[in-house]
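Undergrad: Take a look at my_file_23.tsv, TSV, C-alpha atoms:
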```
chain	number	residue	atom	x	y	z
A	1	MET	CA	10.64	39.26	6.67
A	2	ARG	CA	13.37	37.36	8.53
A	3	SER	CA	14.02	33.65	8.68
A	4	ILE	CA	13.42	31.90	12.01
A	5	LEU	CA	13.88	28.32	10.80
A	6	PRO	CA	16.01	27.05	13.74
A	7	LEU	CA	13.55	28.53	16.24
A	8	ALA	CA	10.59	27.26	14.22
A	9	LEU	CA	11.99	23.73	14.42
A	10	ASP	CA	11.86	24.07	18.21
A	11	CYS	CA	8.16	24.87	17.82
A	12	VAL	CA	7.37	21.66	15.89
A	13	VAL	CA	4.99	19.34	17.77
A	14	GLY	CA	3.88	15.85	16.73
A	15	ALA	CA	6.99	14.77	14.79
A	16	LEU	CA	9.41	12.17	16.08
A	17	GLU	CA	12.39	13.54	14.17
A	18	LYS	CA	13.41	16.61	12.20
A	19	THR	CA	15.85	15.23	9.66
A	20	PRO	CA	18.05	17.68	7.69
A	21	GLY	CA	18.49	17.17	3.97
A	22	PRO	CA	19.49	19.13	0.86
A	23	ALA	CA	16.08	20.83	0.57
A	24	GLY	CA	15.31	21.38	4.25
A	25	PHE	CA	14.02	19.37	7.19
A	26	ALA	CA	11.82	16.30	6.79
A	27	LEU	CA	9.40	15.96	9.71
A	28	HIS	CA	9.25	12.21	10.29
A	29	ARG	CA	6.49	10.39	12.16
A	30	ALA	CA	8.30	7.05	12.00
A	31	PRO	CA	11.53	6.32	13.89
A	32	ALA	CA	14.87	6.31	12.11
A	33	ALA	CA	15.62	2.81	13.39
A	34	GLY	CA	12.47	1.42	11.82
A	35	ARG	CA	13.02	3.25	8.55
A	36	ALA	CA	16.56	1.89	8.38
A	37	GLN	CA	15.43	-1.65	9.11
A	38	LEU	CA	12.69	-1.62	6.48
A	39	ALA	CA	14.59	0.42	3.85
A	40	ASP	CA	11.25	0.86	2.09
A	41	THR	CA	10.51	3.88	-0.09
A	42	ALA	CA	6.77	3.80	0.61
A	43	TYR	CA	7.37	3.77	4.37
A	44	GLU	CA	9.80	6.67	4.05
A	45	ILE	CA	7.25	8.74	2.12
A	46	VAL	CA	4.39	8.01	4.53
A	47	SER	CA	6.66	8.93	7.44
A	48	THR	CA	7.03	12.45	6.03
A	49	MET	CA	3.28	13.01	5.62
A	50	PRO	CA	2.84	15.19	8.71
A	51	SER	CA	-0.68	14.26	9.82
A	52	GLY	CA	-1.11	15.94	13.19
A	53	VAL	CA	2.24	17.74	12.99
A	54	ARG	CA	2.07	21.45	13.68
A	55	LEU	CA	4.07	24.48	14.71
A	56	GLU	CA	2.97	25.83	18.11
A	57	MET	CA	4.38	29.23	18.99
A	58	LEU	CA	3.79	32.38	20.97
A	59	THR	CA	4.41	35.33	18.67
A	60	ASP	CA	3.47	38.95	18.10
A	61	ALA	CA	3.94	38.52	14.34
A	62	THR	CA	1.07	39.78	12.20
A	63	GLY	CA	1.84	37.17	9.56
A	64	ILE	CA	3.96	34.08	9.05
A	65	GLU	CA	5.39	32.63	5.85
A	66	VAL	CA	6.25	28.95	5.48
A	67	ASP	CA	8.25	27.50	2.57
A	68	ALA	CA	7.65	23.78	2.13
A	69	GLN	CA	8.59	21.21	-0.47
A	70	LEU	CA	5.43	19.18	-1.02
A	71	THR	CA	5.20	15.86	-2.85
A	72	GLN	CA	2.22	13.68	-3.73
A	73	VAL	CA	1.90	10.32	-5.46
A	74	VAL	CA	-1.20	10.06	-7.66
A	75	MET	CA	-2.55	7.72	-10.29
A	76	ALA	CA	-2.16	8.94	-13.85
A	77	GLY	CA	-5.27	10.63	-15.13
A	78	THR	CA	-6.30	12.06	-11.76
A	79	GLU	CA	-5.88	15.64	-10.62
A	80	PRO	CA	-5.58	15.97	-6.83
A	81	PRO	CA	-6.99	18.96	-4.96
A	82	ASP	CA	-4.83	21.74	-3.58
A	83	VAL	CA	-2.69	21.17	-0.50
A	84	VAL	CA	-4.40	22.45	2.65
A	85	PHE	CA	-2.86	23.94	5.80
A	86	ASP	CA	-4.67	25.10	8.92
A	87	LEU	CA	-4.13	28.15	11.11
A	88	VAL	CA	-5.32	28.30	14.72
A	89	VAL	CA	-4.94	31.60	16.60
A	90	ASP	CA	-5.65	31.69	20.34
A	91	GLY	CA	-7.72	28.53	19.94
A	92	GLU	CA	-9.77	29.86	17.01
A	93	LEU	CA	-9.65	27.81	13.81
A	94	ARG	CA	-9.22	30.17	10.86
A	95	PRO	CA	-10.21	29.45	7.22
A	96	PRO	CA	-7.90	26.92	5.54
A	97	VAL	CA	-4.84	28.14	3.64
A	98	THR	CA	-4.11	26.36	0.36
A	99	THR	CA	-1.48	26.03	-2.34
A	100	SER	CA	-1.39	24.27	-5.70
A	101	HIS	CA	2.42	24.10	-5.78
A	102	ARG	CA	3.59	20.54	-5.20
A	103	THR	CA	5.63	17.90	-6.96
A	104	LEU	CA	3.40	15.22	-8.48
A	105	ILE	CA	4.56	11.65	-9.05
A	106	ARG	CA	2.06	10.14	-11.47
A	107	VAL	CA	1.86	6.35	-11.48
A	108	ASP	CA	0.53	4.38	-14.45
A	109	PRO	CA	-1.97	1.91	-12.92
A	110	ASP	CA	-1.21	-0.72	-15.57
A	111	THR	CA	2.58	-0.66	-15.62
A	112	MET	CA	3.29	1.13	-12.28
A	113	ALA	CA	5.74	3.33	-14.20
A	114	GLN	CA	6.31	6.68	-12.51
A	115	ASP	CA	6.39	10.10	-14.15
A	116	GLU	CA	7.59	12.93	-11.92
A	117	HIS	CA	6.40	16.52	-12.39
A	118	PRO	CA	8.66	18.58	-10.11
A	119	SER	CA	7.69	21.86	-8.51
A	120	PRO	CA	9.74	24.34	-6.48
A	121	PRO	CA	8.90	24.80	-2.79
A	122	ALA	CA	5.53	26.37	-2.07
A	123	THR	CA	5.36	29.61	-0.09
A	124	VAL	CA	2.31	29.60	2.16
A	125	ARG	CA	1.28	32.81	3.94
A	126	PHE	CA	-0.68	32.81	7.18
A	127	PRO	CA	-2.36	36.11	8.19
A	128	VAL	CA	-2.28	36.13	11.99
A	129	GLY	CA	-3.67	39.54	12.92
A	130	ALA	CA	-3.63	43.21	11.99
A	131	VAL	CA	-2.23	44.40	15.33
A	132	PRO	CA	1.12	43.11	16.64
A	133	ARG	CA	0.38	41.50	20.02
A	134	GLU	CA	1.42	38.16	21.41
A	135	ARG	CA	-0.87	35.29	20.42
A	136	ARG	CA	-0.74	31.52	20.56
A	137	VAL	CA	-0.41	30.41	16.93
A	138	GLU	CA	-0.66	26.88	15.57
A	139	ILE	CA	0.12	26.01	11.95
A	140	TRP	CA	-1.10	22.49	11.10
A	141	LEU	CA	0.76	20.94	8.18
A	142	SER	CA	-0.79	18.76	5.47
A	143	ASN	CA	-2.20	15.39	6.54
A	144	SER	CA	-1.65	13.82	3.11
A	145	ARG	CA	1.42	15.24	1.32
A	146	ALA	CA	5.04	14.38	1.97
A	147	THR	CA	6.50	17.58	3.42
A	148	THR	CA	9.96	19.04	3.84
A	149	LEU	CA	10.13	22.26	5.84
A	150	VAL	CA	12.38	24.67	3.92
A	151	ASP	CA	11.99	27.97	5.77
A	152	VAL	CA	9.77	29.93	8.17
A	153	ARG	CA	9.70	33.75	8.22
A	154	VAL	CA	8.13	36.49	10.33
A	155	PRO	CA	8.28	40.30	10.06
A	156	SER	CA	11.55	41.84	11.21
A	157	GLY	CA	11.40	42.60	14.91
A	158	ALA	CA	8.62	40.09	15.67
A	159	SER	CA	9.14	37.88	18.71
A	160	VAL	CA	8.71	34.11	18.56
A	161	ARG	CA	9.03	31.40	21.21
A	162	PRO	CA	7.72	27.85	21.57
A	163	ALA	CA	4.27	27.70	23.09
A	164	PRO	CA	3.58	25.55	26.15
A	165	ALA	CA	1.90	22.21	25.47
A	166	SER	CA	-1.79	22.43	24.63
A	167	GLY	CA	-2.57	19.74	27.22
A	168	PRO	CA	-1.63	16.25	28.38
A	169	VAL	CA	0.11	14.19	25.69
A	170	TRP	CA	-1.99	11.67	23.77
A	171	VAL	CA	0.05	9.23	21.65
A	172	HIS	CA	-1.92	7.38	18.97
A	173	HIS	CA	-0.72	4.71	16.53
A	174	GLY	CA	-2.68	3.24	13.66
A	175	SER	CA	-3.15	2.86	9.91
A	176	SER	CA	-4.36	5.12	7.11
A	177	ILE	CA	-7.66	5.19	9.03
A	178	SER	CA	-5.73	7.26	11.59
A	179	GLN	CA	-3.57	9.25	9.16
A	180	CYS	CA	-6.82	10.31	7.45
A	181	SER	CA	-5.55	11.51	4.07
A	182	GLU	CA	-9.20	11.76	2.97
A	183	ALA	CA	-9.95	14.47	5.56
A	184	ASP	CA	-10.55	17.84	3.92
A	185	ARG	CA	-8.13	19.73	6.20
A	186	PRO	CA	-5.37	18.93	8.70
A	187	THR	CA	-7.58	19.65	11.73
A	188	GLY	CA	-10.32	17.47	10.18
A	189	THR	CA	-8.67	14.13	10.90
A	190	TRP	CA	-10.50	12.30	13.66
A	191	PRO	CA	-7.45	12.29	16.00
A	192	ALA	CA	-7.03	16.05	15.52
A	193	LEU	CA	-10.73	16.72	16.07
A	194	VAL	CA	-10.72	14.69	19.29
A	195	ALA	CA	-7.46	16.18	20.55
A	196	ARG	CA	-8.56	19.78	20.04
A	197	ARG	CA	-11.93	19.22	21.71
A	198	ALA	CA	-10.42	17.26	24.60
A	199	GLY	CA	-7.55	19.68	25.20
A	200	ARG	CA	-4.88	17.07	24.44
A	201	SER	CA	-1.49	17.46	22.78
A	202	LEU	CA	-1.61	14.95	19.93
A	203	VAL	CA	1.20	12.77	18.64
A	204	ASN	CA	-0.38	10.95	15.68
A	205	LEU	CA	1.67	7.94	14.60
A	206	GLY	CA	-1.03	6.76	12.20
A	207	LEU	CA	0.86	5.67	9.06
A	208	GLY	CA	-0.98	4.72	5.89
A	209	GLY	CA	-0.49	1.01	5.20
A	210	GLU	CA	2.15	0.67	7.93
A	211	CYS	CA	0.51	-0.53	11.16
A	212	HIS	CA	1.74	-4.13	11.53
A	213	LEU	CA	2.65	-4.39	15.23
A	214	ASP	CA	6.23	-3.52	14.35
A	215	PRO	CA	8.58	-3.92	17.35
A	216	PHE	CA	10.39	-0.66	16.57
A	217	MET	CA	7.11	1.26	16.81
A	218	ALA	CA	6.36	-0.34	20.16
A	219	ARG	CA	9.80	0.78	21.38
A	220	THR	CA	9.10	4.28	20.10
A	221	ILE	CA	5.83	4.52	22.02
A	222	ARG	CA	7.55	3.04	25.09
A	223	ASP	CA	10.10	5.85	25.07
A	224	LEU	CA	7.74	8.76	24.35
A	225	PRO	CA	6.16	10.83	27.12
A	226	ALA	CA	2.46	9.93	27.13
A	227	ASP	CA	-0.48	10.61	29.42
A	228	ALA	CA	-2.75	8.43	27.24
A	229	ILE	CA	-2.10	5.91	24.47
A	230	SER	CA	-4.42	4.47	21.82
A	231	LEU	CA	-3.77	1.83	19.18
A	232	GLU	CA	-5.97	1.33	16.10
A	233	LEU	CA	-5.02	-2.18	15.03
A	234	GLY	CA	-5.84	-4.84	12.47
A	235	ILE	CA	-6.78	-3.44	9.08
A	236	ASN	CA	-3.23	-3.30	7.68
A	237	VAL	CA	-2.50	-6.82	8.90
A	238	VAL	CA	-5.57	-8.14	7.04
A	239	ALA	CA	-5.32	-5.88	3.99
A	240	GLY	CA	-1.65	-6.77	3.53
A	241	ASP	CA	-2.08	-10.39	4.63
A	242	THR	CA	1.06	-9.85	6.70
A	243	LEU	CA	0.25	-11.98	9.77
A	244	ARG	CA	-1.75	-15.10	10.47
A	245	GLU	CA	-3.48	-15.99	13.69
A	246	ARG	CA	-0.48	-17.85	15.10
A	247	THR	CA	1.80	-14.82	14.68
A	248	PHE	CA	-0.77	-12.04	15.23
A	249	VAL	CA	-1.50	-13.04	18.83
A	250	PRO	CA	2.11	-13.07	20.12
A	251	ALA	CA	2.92	-9.96	18.08
A	252	PHE	CA	0.02	-8.17	19.79
A	253	HIS	CA	1.17	-9.26	23.25
A	254	GLY	CA	4.78	-8.41	22.47
A	255	PHE	CA	3.80	-4.95	21.30
A	256	LEU	CA	1.85	-4.26	24.48
A	257	ASP	CA	4.56	-5.78	26.68
A	258	THR	CA	7.07	-3.32	25.21
A	259	VAL	CA	4.72	-0.34	25.58
A	260	ARG	CA	4.05	-1.34	29.19
A	261	ASP	CA	7.81	-1.44	29.90
A	262	GLY	CA	7.78	2.35	29.60
A	263	HIS	CA	4.18	3.07	30.58
A	264	PRO	CA	3.15	0.57	33.25
A	265	ASP	CA	0.22	2.66	34.49
A	266	THR	CA	-0.73	4.79	31.48
A	267	PRO	CA	-4.26	4.17	30.15
A	268	VAL	CA	-4.13	2.33	26.82
A	269	LEU	CA	-7.10	1.95	24.48
A	270	VAL	CA	-7.01	-0.73	21.78
A	271	ILE	CA	-9.38	0.09	18.89
A	272	SER	CA	-10.30	-2.87	16.69
A	273	PRO	CA	-10.96	-2.37	12.94
A	274	ILE	CA	-13.78	-0.25	11.59
A	275	VAL	CA	-15.97	-1.87	8.93
A	276	CYS	CA	-14.46	-2.91	5.59
A	277	PRO	CA	-16.98	-5.08	3.69
A	278	ALA	CA	-14.41	-6.76	1.43
A	279	VAL	CA	-12.58	-8.46	4.29
A	280	GLU	CA	-15.15	-8.74	7.03
A	281	ASN	CA	-15.42	-12.48	6.47
A	282	ARG	CA	-12.82	-13.08	3.75
A	283	PRO	CA	-9.07	-13.08	4.32
A	284	GLY	CA	-6.92	-10.44	2.68
A	285	PRO	CA	-5.03	-9.16	0.93
A	286	THR	CA	-7.10	-6.33	-0.49
A	287	LEU	CA	-6.67	-5.08	-4.04
A	288	PRO	CA	-8.18	-2.09	-5.87
A	289	GLY	CA	-11.18	-3.07	-7.95
A	290	ALA	CA	-12.17	-1.72	-11.35
A	291	ASP	CA	-14.97	0.29	-9.72
A	292	GLY	CA	-12.55	2.07	-7.36
A	293	THR	CA	-13.44	0.00	-4.29
A	294	VAL	CA	-11.23	-2.56	-2.61
A	295	ARG	CA	-11.80	-6.29	-3.04
A	296	ALA	CA	-10.36	-9.50	-1.65
A	297	PRO	CA	-9.17	-11.92	-4.35
A	298	ASP	CA	-10.10	-15.58	-4.32
A	299	ARG	CA	-7.52	-17.83	-2.74
A	300	PRO	CA	-7.23	-21.62	-2.54
A	301	ALA	CA	-9.11	-23.14	0.38
A	302	GLU	CA	-5.97	-24.90	1.60
A	303	LEU	CA	-4.42	-21.48	2.31
A	304	ALA	CA	-7.32	-20.31	4.47
A	305	ALA	CA	-6.31	-22.02	7.72
A	306	GLY	CA	-5.15	-19.34	10.13
A	307	ALA	CA	-5.69	-16.51	7.64
A	308	LEU	CA	-7.23	-13.44	9.26
A	309	THR	CA	-10.47	-11.65	8.52
A	310	LEU	CA	-11.58	-8.47	10.28
A	311	THR	CA	-14.21	-10.43	12.17
A	312	ARG	CA	-11.55	-12.79	13.49
A	313	VAL	CA	-9.19	-9.92	14.36
A	314	ARG	CA	-11.92	-8.30	16.46
A	315	GLU	CA	-12.53	-11.60	18.25
A	316	LEU	CA	-8.83	-12.08	18.96
A	317	LEU	CA	-8.33	-8.53	20.23
A	318	ALA	CA	-11.35	-8.83	22.52
A	319	GLU	CA	-10.14	-12.18	23.85
A	320	HIS	CA	-6.58	-11.14	24.52
A	321	VAL	CA	-7.34	-7.70	25.95
A	322	ALA	CA	-9.67	-9.53	28.36
A	323	ARG	CA	-6.87	-11.94	29.27
A	324	ARG	CA	-4.47	-9.12	30.03
A	325	ARG	CA	-7.08	-7.33	32.12
A	326	LYS	CA	-7.75	-10.53	34.06
A	327	ALA	CA	-4.02	-10.79	34.67
A	328	GLY	CA	-4.08	-7.35	36.28
A	329	ASP	CA	-3.76	-4.71	33.53
A	330	HIS	CA	-6.92	-2.80	34.42
A	331	ARG	CA	-5.79	0.33	32.59
A	332	LEU	CA	-5.96	-1.52	29.27
A	333	HIS	CA	-9.25	-1.08	27.42
A	334	LEU	CA	-10.87	-2.24	24.18
A	335	LEU	CA	-13.19	-0.40	21.81
A	336	ASP	CA	-14.93	-2.20	18.95
A	337	GLY	CA	-14.07	-0.13	15.88
A	338	THR	CA	-17.48	-0.76	14.33
A	339	THR	CA	-19.01	1.38	17.10
A	340	LEU	CA	-17.03	4.27	15.62
A	341	PHE	CA	-17.76	3.43	11.98
A	342	GLY	CA	-19.95	0.46	11.11
A	343	THR	CA	-22.35	-0.94	8.55
A	344	GLY	CA	-24.71	1.99	9.00
A	345	ASP	CA	-21.99	4.37	7.82
A	346	LEU	CA	-21.12	2.77	4.47
A	347	ALA	CA	-22.39	5.78	2.51
A	348	ASP	CA	-19.29	7.59	3.82
A	349	LEU	CA	-16.88	4.80	2.85
A	350	PRO	CA	-16.45	5.59	-0.87
A	351	ASP	CA	-13.61	3.17	-1.62
A	352	GLY	CA	-14.84	0.48	0.74
A	353	LEU	CA	-11.87	1.04	3.06
A	354	HIS	CA	-11.35	4.71	3.98
A	355	PRO	CA	-14.01	7.04	5.42
A	356	ASN	CA	-14.48	10.43	3.81
A	357	ALA	CA	-14.29	13.74	5.69
A	358	ALA	CA	-17.83	13.34	7.05
A	359	GLY	CA	-17.01	9.82	8.18
A	360	TYR	CA	-13.93	10.93	10.06
A	361	ALA	CA	-15.91	13.70	11.77
A	362	ARG	CA	-18.47	11.11	12.89
A	363	MET	CA	-15.69	8.88	14.25
A	364	ALA	CA	-14.41	11.83	16.31
A	365	GLU	CA	-17.87	12.53	17.71
A	366	ARG	CA	-18.25	8.91	18.78
A	367	LEU	CA	-14.75	8.46	20.20
A	368	LEU	CA	-14.58	11.70	22.19
A	369	PRO	CA	-16.93	10.72	25.04
A	370	ARG	CA	-15.64	7.14	25.15
A	371	ALA	CA	-12.02	8.24	25.43
A	372	PHE	CA	-11.97	11.66	27.08
A	373	GLY	CA	-15.50	12.31	28.34
A	374	PRO	CA	-16.37	12.36	32.08
A	375	HIS	CA	-16.24	8.55	32.12
A	376	GLY	CA	-13.74	8.17	29.29
A	377	VAL	CA	-11.17	5.39	29.58
A	378	LEU	CA	-8.21	7.64	28.65
A	379	ARG	CA	-8.85	10.35	31.21
```
Could you quickly redo this structure as structure tokens?
TA:
Amino acid sequence: MRSILPLALDCVVGALEKTPGPAGFALHRAPAAGRAQLADTAYEIVSTMPSGVRLEMLTDATGIEVDAQLTQVVMAGTEPPDVVFDLVVDGELRPPVTTSHRTLIRVDPDTMAQDEHPSPPATVRFPVGAVPRERRVEIWLSNSRATTLVDVRVPSGASVRPAPASGPVWVHHGSSISQCSEADRPTGTWPALVARRAGRSLVNLGLGGECHLDPFMARTIRDLPADAISLELGINVVAGDTLRERTFVPAFHGFLDTVRDGHPDTPVLVISPIVCPAVENRPGPTLPGADGTVRAPDRPAELAAGALTLTRVRELLAEHVARRRKAGDHRLHLLDGTTLFGTGDLADLPDGLHPNAAGYARMAERLLPRAFGPHGVLR
């Protein structure tokens, strides 16, 4: 086997940056400017969870080996499942490829003390085909583990080149509901399911806990090539109690103004929050409850003025998307998130906040015709 790491980096799709470090290349989904401004460890880790990031290549290799340094943060006393990768060959999704080798950072829920259990890089082997002939190969990286790409190898003599784009570029930004760490495989996130069925090349900027109408993310989307843009907004603002009504509205308009600076005519779909019972009619923040579901703590009534609930966020998004459309932005659209995942779907919302794998699949089924069907708003 021979290393093709520099060429493999040219085959990476869905990452904003490929940042070299001592162990290899971190595939970031958040911009360097934003990471520098925040200087937040949690944001840095989420940025390197490559949900939607994949290698797309044309190769006659019969097999491919990937070395990756994988890291996961877990609560003490829990044992996470294996890390899952996906292999797609000439459009056919193959059985998932897994590894148990990853560094675990165990966090004590009472003291928040961290105990690191290091692991060397995992070597993951992808069987492409018995006969050496050129195929289009996609390797989808983990949607839930921080990942550093260490090396990529193919048999000596095998040819490799970047594959052409799988379709028009769809840029999506959102929260953990879009990163989809609870999906059972990388191609099982709802953005990935929709993109593959619609023939779109996905750039998933869904970052767990980190969708707060940040100006640097708006600038990033402004500067990216995009044939369609979608924004899943609101849950992080409420769950983190990071904005109130007075600041949420101008932040929303400012975000869209910046996106429109680079994409004046690109269709944009704003998706309001899916259901979250704890904060439907109570302001955030959300906290983990003893039963494993999220809850909203009591707060003094005098602090409630202007505090946001999901119901109010949906009202504000509907009102202000309508205002922008009336002002002439007819390629801006709104989708009520509860039509994708609502009160009838609570059986697939085990922690009261995040859908499970079945829930994400249902979201994909419901979004696909609305976004990319014959009358879809993102076509």
Undergrad: Tell me, as a PyMOL selection string, which residues lie within 7 Å of A:Leu332, counting all atoms listed in the file; anything in the same chain fewer than 3 positions away does not count.
TA: chain A and resi 267-269+325+329
Undergrad: May I ask which of the residues A:Arg125, A:Arg312, A:Arg222, A:Arg323 is the closest one to A:Pro273, counting all atoms listed in the file?
TA: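 That would be A:Arg312, the residue with the smallest distance to A:Pro273.
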Undergrad: Mind dumping a table of every stretch 139-176 of chain A residue within 12 Å of stretch 94-118 of chain A, with the nearest atom pair and its distance in Å to one decimal, using only C-alpha atoms, sorted by chain and rising number, as JSON lines?
TA:
```
{"residue": "A:Ile139", "atom": "CA", "partner": "A:Val97", "partner_atom": "CA", "distance": 9.9}
{"residue": "A:Trp140", "atom": "CA", "partner": "A:Pro96", "partner_atom": "CA", "distance": 9.8}
{"residue": "A:Leu141", "atom": "CA", "partner": "A:Val97", "partner_atom": "CA", "distance": 10.2}
{"residue": "A:Ser142", "atom": "CA", "partner": "A:Thr98", "partner_atom": "CA", "distance": 9.7}
{"residue": "A:Ser144", "atom": "CA", "partner": "A:Arg102", "partner_atom": "CA", "distance": 11.9}
{"residue": "A:Arg145", "atom": "CA", "partner": "A:Arg102", "partner_atom": "CA", "distance": 8.7}
{"residue": "A:Ala146", "atom": "CA", "partner": "A:Arg102", "partner_atom": "CA", "distance": 9.6}
{"residue": "A:Thr147", "atom": "CA", "partner": "A:Arg102", "partner_atom": "CA", "distance": 9.6}
{"residue": "A:Thr148", "atom": "CA", "partner": "A:Arg102", "partner_atom": "CA", "distance": 11.2}
```
Undergrad: Between atom CA of A:Pro355 and atom CA of A:Val84, what is the distance in Å, rounded to a tenth?
TA: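 Rounded to one decimal, the two atoms are 18.4 Å apart.
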Undergrad: Please measure the separation of atom CA of A:Gly337 and atom CA of A:Gln72, giving the value in Å to one decimal.
TA: 29.0 Å
Undergrad: In Å to one decimal, how far is atom CA of A:Pro277 from atom CA of A:Ala290?
TA: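 Going from atom CA of A:Ala290 over to atom CA of A:Pro277 covers 16.1 Å.
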Undergrad: Which residue out of A:Val88, A:Ala361, A:Met217, A:Ala68 has the minimum interatomic distance to A:Val150 when all atoms listed in the file are used?
TA: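 The answer is A:Ala68, which sits nearest to A:Val150.
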Undergrad: Would you list the residues near (-4.1, 10.8, 13.0) (no more than 10 Å away, in the coordinates of the file, using only C-alpha atoms) as an mmCIF file with C-alpha atoms, in the frame of the given file?
TA:
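Saved file part_5.cif follows:
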```cif
data_model
loop_
_atom_site.group_PDB
_atom_site.id
_atom_site.type_symbol
_atom_site.label_atom_id
_atom_site.label_comp_id
_atom_site.auth_asym_id
_atom_site.auth_seq_id
_atom_site.Cartn_x
_atom_site.Cartn_y
_atom_site.Cartn_z
ATOM 1 C CA PRO A 50 2.840 15.190 8.710
ATOM 2 C CA SER A 51 -0.680 14.260 9.820
ATOM 3 C CA GLY A 52 -1.110 15.940 13.190
ATOM 4 C CA VAL A 53 2.240 17.740 12.990
ATOM 5 C CA ASN A 143 -2.200 15.390 6.540
ATOM 6 C CA VAL A 171 0.050 9.230 21.650
ATOM 7 C CA HIS A 172 -1.920 7.380 18.970
ATOM 8 C CA HIS A 173 -0.720 4.710 16.530
ATOM 9 C CA GLY A 174 -2.680 3.240 13.660
ATOM 10 C CA SER A 175 -3.150 2.860 9.910
ATOM 11 C CA SER A 176 -4.360 5.120 7.110
ATOM 12 C CA ILE A 177 -7.660 5.190 9.030
ATOM 13 C CA SER A 178 -5.730 7.260 11.590
ATOM 14 C CA GLN A 179 -3.570 9.250 9.160
ATOM 15 C CA CYS A 180 -6.820 10.310 7.450
ATOM 16 C CA SER A 181 -5.550 11.510 4.070
ATOM 17 C CA PRO A 186 -5.370 18.930 8.700
ATOM 18 C CA THR A 187 -7.580 19.650 11.730
ATOM 19 C CA GLY A 188 -10.320 17.470 10.180
ATOM 20 C CA THR A 189 -8.670 14.130 10.900
ATOM 21 C CA TRP A 190 -10.500 12.300 13.660
ATOM 22 C CA PRO A 191 -7.450 12.290 16.000
ATOM 23 C CA ALA A 192 -7.030 16.050 15.520
ATOM 24 C CA LEU A 193 -10.730 16.720 16.070
ATOM 25 C CA VAL A 194 -10.720 14.690 19.290
ATOM 26 C CA ALA A 195 -7.460 16.180 20.550
ATOM 27 C CA LEU A 202 -1.610 14.950 19.930
ATOM 28 C CA VAL A 203 1.200 12.770 18.640
ATOM 29 C CA ASN A 204 -0.380 10.950 15.680
ATOM 30 C CA LEU A 205 1.670 7.940 14.600
ATOM 31 C CA GLY A 206 -1.030 6.760 12.200
ATOM 32 C CA LEU A 207 0.860 5.670 9.060
ATOM 33 C CA GLY A 208 -0.980 4.720 5.890
#
```
Undergrad: For A:Asp265, which residue among A:Arg314, A:Arg331, A:Arg54, A:Arg133 is the nearest when counting all atoms listed in the file?
TA: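 With all atoms listed in the file as the atom set, the closest residue is A:Arg331.
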Undergrad: Given 5 Å on each side, where is the centre and what are the edge lengths in Å to one decimal of the axis-aligned box enclosing the listed atoms of stretch 265-277 of chain A, as lines of an AutoDock Vina configuration file?
TA:
```
center_x = -8.4
center_y = -0.1
center_z = 19.1
size_x = 27.2
size_y = 19.9
size_z = 40.8
```
Undergrad: For A:Ile271, which residue out of A:Ser159, A:Thr242, A:Thr339, A:Thr220 is the nearest one, using all atoms listed in the file?
TA: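 The shortest atom-to-atom distance to A:Ile271 comes from A:Thr339.
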Undergrad: Choose the residue, out of A:Ala36, A:Leu349, A:Leu340, A:Ala158, that has the smallest atom-to-atom separation from A:Arg366; count all atoms listed in the file.
TA: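 The closest residue to A:Arg366 is A:Leu340.
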Undergrad: Leaving out A:His212 and any residue of its chain fewer than 4 positions from it, which residues lie within 9 Å of it when counting only C-alpha atoms, given as JSON, numbers by chain?
TA: {"A": [174, 175, 233, 234, 235, 236, 237, 242, 243, 251]}
Undergrad: Taking all atoms listed in the file into account, name the residue in A:Gly376, A:Pro81, A:Gly209, A:Gly167 that is nearest to A:Val46.
TA: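 The shortest atom-to-atom distance to A:Val46 comes from A:Gly209.
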Undergrad: How would stretch 351-359 of chain A look written as a short mmCIF file (atom, residue, chain, number, x, y, z; two decimals), in the first residue's frame with N, CA and C atoms?
TA:
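selection_15.cif, freshly written:
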```
data_model
loop_
_atom_site.label_atom_id
_atom_site.label_comp_id
_atom_site.auth_asym_id
_atom_site.auth_seq_id
_atom_site.Cartn_x
_atom_site.Cartn_y
_atom_site.Cartn_z
N ASP A 351 -34.38 12.07 24.27
CA ASP A 351 -33.91 12.99 25.31
C ASP A 351 -34.73 14.27 25.35
N GLY A 352 -35.82 14.31 24.61
CA GLY A 352 -36.66 15.49 24.58
C GLY A 352 -36.13 16.61 23.72
N LEU A 353 -35.00 16.40 23.05
CA LEU A 353 -34.37 17.44 22.24
C LEU A 353 -33.92 16.93 20.89
N HIS A 354 -33.24 15.76 20.86
CA HIS A 354 -32.66 15.25 19.63
C HIS A 354 -33.44 14.03 19.12
N PRO A 355 -33.83 14.02 17.85
CA PRO A 355 -34.42 12.81 17.28
C PRO A 355 -33.41 11.66 17.27
N ASN A 356 -33.94 10.44 17.23
CA ASN A 356 -33.08 9.28 17.03
C ASN A 356 -32.93 9.01 15.53
N ALA A 357 -32.30 7.90 15.18
CA ALA A 357 -32.04 7.61 13.77
C ALA A 357 -33.34 7.54 12.96
N ALA A 358 -34.37 6.92 13.53
CA ALA A 358 -35.65 6.84 12.83
C ALA A 358 -36.26 8.22 12.65
N GLY A 359 -36.10 9.07 13.66
CA GLY A 359 -36.62 10.43 13.56
C GLY A 359 -35.94 11.23 12.48
#
```
